[in-house]
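Novice: Pasting a structure below so you can have a look.
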Amino acid sequence: MSDTKKTLFLLDAYALIFRAYYAFIRAPRINSKGLNTSAAYGFVNTLLDIINNQKPSHLAVVIDFAGPTFRNEMYAEYKANREATPEDIKKAVPYIRQILEALNIPLLEVSGFEADDVIGTLAKMATGKGYETYMVTPDKDFAQLVSEDVKMYKPKSRGNEVEILGPEEVRAKYQVPEPINVIDVLALWGDTADNILGCPGIGEKRSKDIIQKYGTIDQVYEHIEEFSGKQKENLLNYREQVELARKLVTIETAVPLEVSIEDFARQEANLEKLRSILDELEFRSMWERISGDGQAKRPQPAQGSLFGDAEGPAAESQDLPQETLHTIDEVKHDYYLVDNDMAVDSLAVELSMQASFCFDTETTGLDVRDSELVGIAFSWKAHEAYYMPLSADKDKAVERLAKLKSIFEDAQILKIGQNLKFDALMLRQYGTQLQGPFFDTMVAHHLVQPGLRHNMDYLSEVYLKYRPVSIEALIGAKGKKQGSMRDVPLEKVKEYAGEDADITFQLKAHLEKELKSEKLTSFFTEVEMPLLEVLIEVESTGVRIDVEELKRSGQSLEKRLEKLEAEIIEMAGKTFNVNSPRQVGEILFDELKIDAKAGKTKSGQYTTNEETLQKLKDKHPIVPRILEQRGLKKLLSTYVDALPKLVDKNTSRLHTSYNQAQVVTGRLSSSNPNLQNIPIRDDEGKEIRKAFTSTDAQHVFLSADYSQVELRLMAHLSEDEDMVLPSTGEKISIPPRLPRFLK
Amino acid sequence: MRRKAKTANFGIIYGISAFGLSERLNIPRSESKAIIDGYFDNFAGVKRYMDECIRLAREEGSVQTLFGRKRYLPDINSRNAVVRGMAERNAINAPIQGTAADIIKKAMVDIQRQLKQGGFQTQMILQVHDELNFDVPKEELPAVKKLVKEAMESACQLKVPLVVDMGEGRNWLEAH
């Protein structure tokens with residue numbers, strides 16, 4: 001604000017809100033309450049970007065009047081083709097209003113007029129009074145208002161930087177003598193988004209060319225004899241429509257307003273109010289940007305805090321809350337170290353008297369069979385925890401743990417934890433069989449909010465407004481250089497581990513409430529939690545893998561692969577690398593020319609992904625072979641080569657890991673390996689399945705499979721009479737009438 | 001032919017479009033449309049159910065399984081037809097997929113409890129899709145087969161019977 005020139009920014013609210021909403025449409029921002037916050041987020045982001053980087057001296061936001069405007073009186077069909085505003089946007093608007101209020105930014109809404117007209121009027125009012133005005137909008141209509149003092153400011157969008165259009169830019173972009181003639185271009189061109197028709201047969205390019213030559217619509221009709229054919233005919237036949245379009249696209253710049261531009265001078269924000277709204281929306285990083293919080297961790301930006309005026313008094317803002325999330329540094333807590341026999345004994349006594357307690361294991365890694373226990377933290381009271389370190393000497397660790405064994409195995413005590421399956425499997429390595437009942441906060445959260453994240457840090461921020469110490473602060477970032485929990489000073493591990501147990505304990509109360517209000521308590525306690533016990537059992541039992549058989553399968557698959565590749569090369573008529581998608585593309589489309597309209601990727605090579613090839617399967621016998629070759633290759637690498645490495649050398653068993661909190665539908669998923677991906681019917685899948693065996697000749701491998709369960713459920717849910725057969729136990733495999741429609 | 005019928009069957013109950021089905025089956029659009037129309041002529045209840053799922057999802061913002069597990073569908077009112085279409089398919093699919101998940105989970109819990117109570121040495125070793133696999137000592141086989149089948153088939157009472165197919169052998173291939 002060193003410049004004497006005053007800058008006025010006028011924001012077109014809905015244009016920015018819609019743009020923000022659709023920018024996130026593929027991956028919308030959803031907060032923990034299921035609210036889509038894309039629109040509010042994008043809008044406020046643009047706003048902050050302007051405040052931060054443009055430092056306007058004056059700022060106002062203008063929103064369309066929610067109702068008919070003078071344009072509807074002129075033309076009933078105006079914007080009639082618009083679909084209803086998405087619910088998520090409607091819900092976002094009240095939040096945006098509140099945020100603007102907290103930021104002390106005026107919001108204008110004038111009955112009977114659109115935001116365009118209000119902005120146009122304000123821009124005109126500011127002209128000649130020493131303001132440099134920027135109309136913030138992506139809407140091209142505004143180009144007509146541009147002058148030396150009034151510019152269009154198109155905010156950043158994916159991949160595009162801010163674009164500022166002055167008179168020169170508008171002249172170049174629309175091929176017009178003056179910005180005002182943008183009206184004439186739009187009148188011919190029309191605007192389908194607003195249901196403005198313009199002249200049939202004239203689109204963007206022709207319209208620009210015509211106006212470039214004649215300047216205005218009036219001149220066009222003045223020289224109508226210079227046109228010919230269909231174009232002339234259309235111009236004449238649709239003259240009325242063109243004239244109407246001209247009126248509709250013209251922005252009104254004399255809206256009666258009882259404001260003065262001076263009213264828009266920037267004012268102090270009400271940070272406290274702002275914080276509570278941003279909290280509700282869960283815009284944490286945004287709060288940090290605004291409050292200047294978190295800057296200690298990041299390099300100091302060149303310009304100071306957003307609302308800190310260099311010349312103004314800075315003291316006031318320091319009295320305001322600086323942080324929206326609490327941390328270990330300011331919340332009072334008592335985390336105790338339990339590191340001698342006497343302390344462990346008294347811990348055992350305390351635990352044995354609890355109806356429930358929370359615990360969390362600290363380990364040297366995340367792979368159960370490859371990690372050691374470093375210690376265990378316990379909590380049964382908010383802000384209080386106990387940390388028991390365990391020796392790297394496994395015998396000593398087992399000995400110490402033995403004092404707590406009876407408690408972990410006590411079926412009368414509820415054990416609370418985050419991802420308890422991991423803790424249970426770790427304890428098993430040390431001779432302790434963790435026994436239910438359980439309350440797993442991760443699984444509970446998946447049940448109430450399947451689409452969100454379920455890690456403890458996230459849950460803590462959402463439910464407790466508390467940011468836990470990050471593991472990276474202790475052992476460094478993920479990667480090869482990440483250290484081990486074993487090497488972290490005891491005092492630090494105690495605080496970290498104690499905090500984990502404490503937070504998880506506190507989370508349980510919140511999640512219990514959520515389960516109750518969603519009426520999922522009984523499903524959680526009667527199915528999901530007992531299932532957790534089953535999964536611990538299944539995972540720790542594992543399945544026997546015949547590694548020799550797998551090797552034999554590998555060899556036969558390799559042979560098939562070689563044969564296939566030879567066939568492919570023979571069909572291609574020349575040698576090439578079948579594993580190179582680029583070369584495959586060249587063979588298919590340049591050599592064999594199987595598809596003249598073959599698409600290319602950004603890097604200029606032909607697309608040969610599965611989807612593309614599936615469609616071309618019948619075009620040439622080489623295509624199915626390439627597909628098969630790729631499938632085989634994948635199978636070999638994921639199962640034949642990788643599977644033996646996952647098998648326990650001592651027991652020959654594979655301990656697939658099941659995930660109970662991953663799939664949104666509620667299905668279980670598995671990893672290391674993902675069993676879901678083993679092909680079902682193909683011969684290759686059979687080769688893999690052959691290697692999963694019973695324990696020995698005295699055991700049988702038994703498989704039990706629900707038949708057509710999805711169709712049965714459809715029959716049940718839809719109560720379709722033709723699907724629900726008389727209950728004679730009759731199978732409803734394929735609805736009997738369907739095949740008639742298939743030739 | 002059977003594959004076609006099956007793809008159509010599953011596709012239709014998951015709200016596949018004529019375009020999607022023609023792509024999947026490599027048949028002309030007109031044919032896929034005839035299949036879908038024909039399907040709905042015969043299974044009017046299915047069509048009603050699908051419409052009802054979408055309507056409910058629009059109203060509530062979510063759908064749920066027979067056991068009450070919810071799936072939120074924030075995009076169900078999207079103006080973008082592609083995004084909305086995806087949410088609509090999920091509105092139909094999620095109650096079915098989710099209920100199937102709930103059922104097999106409940107069956108796992110029931111089976112494990114009964115195996116334990118009965119003092120069996122049998123162990124559950126794999127769960128994949130709608131399938132459970134066990135490592136069974138030979139002498140326990142008849143009893144365990146009965147126990148597993150009954151527990152799975154009675155995991156949930158539907159208007160149509162739940163049916164479980166069983167197989168056994170030395171390995172997964174033979175059993176499956």
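Each chain in the structure tokens gets a letter, A, B, ..., in the order shown, and its residues are numbered from 1; ligands are numbered from 1 in order too.
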Pull out every residue of chain B sitting within 6 Å of chain A, counting only C-alpha atoms, and send them as a ChimeraX atom specification.
Specialist: /B:35,45-46,49,77-78,94,98,101,106,109,124-125,130-138,159,163-173,175-176
Novice: Could you pull out the residues in region 496-698 of chain A that DSSP calls strand (DSSP E or B) from the backbone, as a PyMOL selection string?
Specialist: chain A and resi 543-545+600+606+647+653-654+657-659+669-671+692-693
Novice: Kindly export the residues of the current selection with C-alpha atoms, as an mmCIF file, in the first residue's frame.
Specialist:
data_model
loop_
_atom_site.group_PDB
_atom_site.id
_atom_site.type_symbol
_atom_site.label_atom_id
_atom_site.label_comp_id
_atom_site.auth_asym_id
_atom_site.auth_seq_id
_atom_site.Cartn_x
_atom_site.Cartn_y
_atom_site.Cartn_z
ATOM 1 C CA VAL A 543 -2.346 -70.541 4.372
ATOM 2 C CA ARG A 544 0.157 -73.146 3.248
ATOM 3 C CA ILE A 545 1.836 -72.396 -0.050
ATOM 4 C CA LYS A 600 -2.121 -41.131 -29.162
ATOM 5 C CA TYR A 606 -0.087 -44.722 -29.634
ATOM 6 C CA VAL A 647 5.936 -66.977 2.440
ATOM 7 C CA ARG A 653 2.706 -70.323 5.189
ATOM 8 C CA LEU A 654 1.508 -67.108 3.658
ATOM 9 C CA SER A 657 -3.107 -59.113 5.467
ATOM 10 C CA TYR A 658 -6.813 -58.251 5.598
ATOM 11 C CA ASN A 659 -8.025 -54.702 5.735
ATOM 12 C CA SER A 669 -9.720 -56.250 1.050
ATOM 13 C CA SER A 670 -6.427 -58.057 1.300
ATOM 14 C CA SER A 671 -2.852 -57.165 0.591
ATOM 15 C CA PHE A 692 -2.559 -72.807 -2.129
ATOM 16 C CA THR A 693 -2.840 -76.131 -0.302
#
Novice: Write out as a ChimeraX atom specification each polymer residue whose atoms come within 9 Å of Asp110 (chain B), counting only C-alpha atoms; drop sequence neighbours fewer than 5 positions from it.
Specialist: /B:105,115,151-152,155
Novice: Can you pull out the residues contacting Lys381 (chain A)? Cut-off 8 Å, using only C-alpha atoms, and skip same-chain residues under 4 positions away; I want them as a list of chain:residue names.
Specialist: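 Once the adjacent positions are removed, what remains is A:Ala385, A:Asp502, A:Phe505.
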Novice: Can you pull out every residue within 10 Å of Val93 (chain A), counting only C-alpha atoms, but drop anything in the same chain fewer than 5 positions away, and send it as an MDAnalysis selection string?
Specialist: chainID A and resid 13:14 17 39:40 63 88 98:99
Novice: Could you pull out the residues in region 37-145 of chain B that DSSP calls helix (DSSP H, G or I) from the backbone, as a PyMOL selection string?
Specialist: chain B and resi 37-42+44-60+74-77+81-117+138-145
Novice: Just how far from CA of Asp141 (chain A) is CA of Asn234 (chain A), in Å to one decimal?
Specialist: 23.7 Å
Novice: Asp116 (chain A): which residues within 12 Å, counting only C-alpha atoms, same-chain residues fewer than 2 positions away excluded, as number ranges by chain?
Specialist: A: 10-15, 61-65, 69, 71, 108-110, 112-114, 118-123, 135-145, 248-255
Novice: Set the distance at 12 Å and use only C-alpha atoms: which residues neighbour Tyr41 (chain A) once local chain neighbours fewer than 2 positions away are removed? I'd like the list as a ChimeraX atom specification.
Specialist: /A:16-24,28-31,35-39,43-49,89,92-93,95-96,99,277-278,281-287
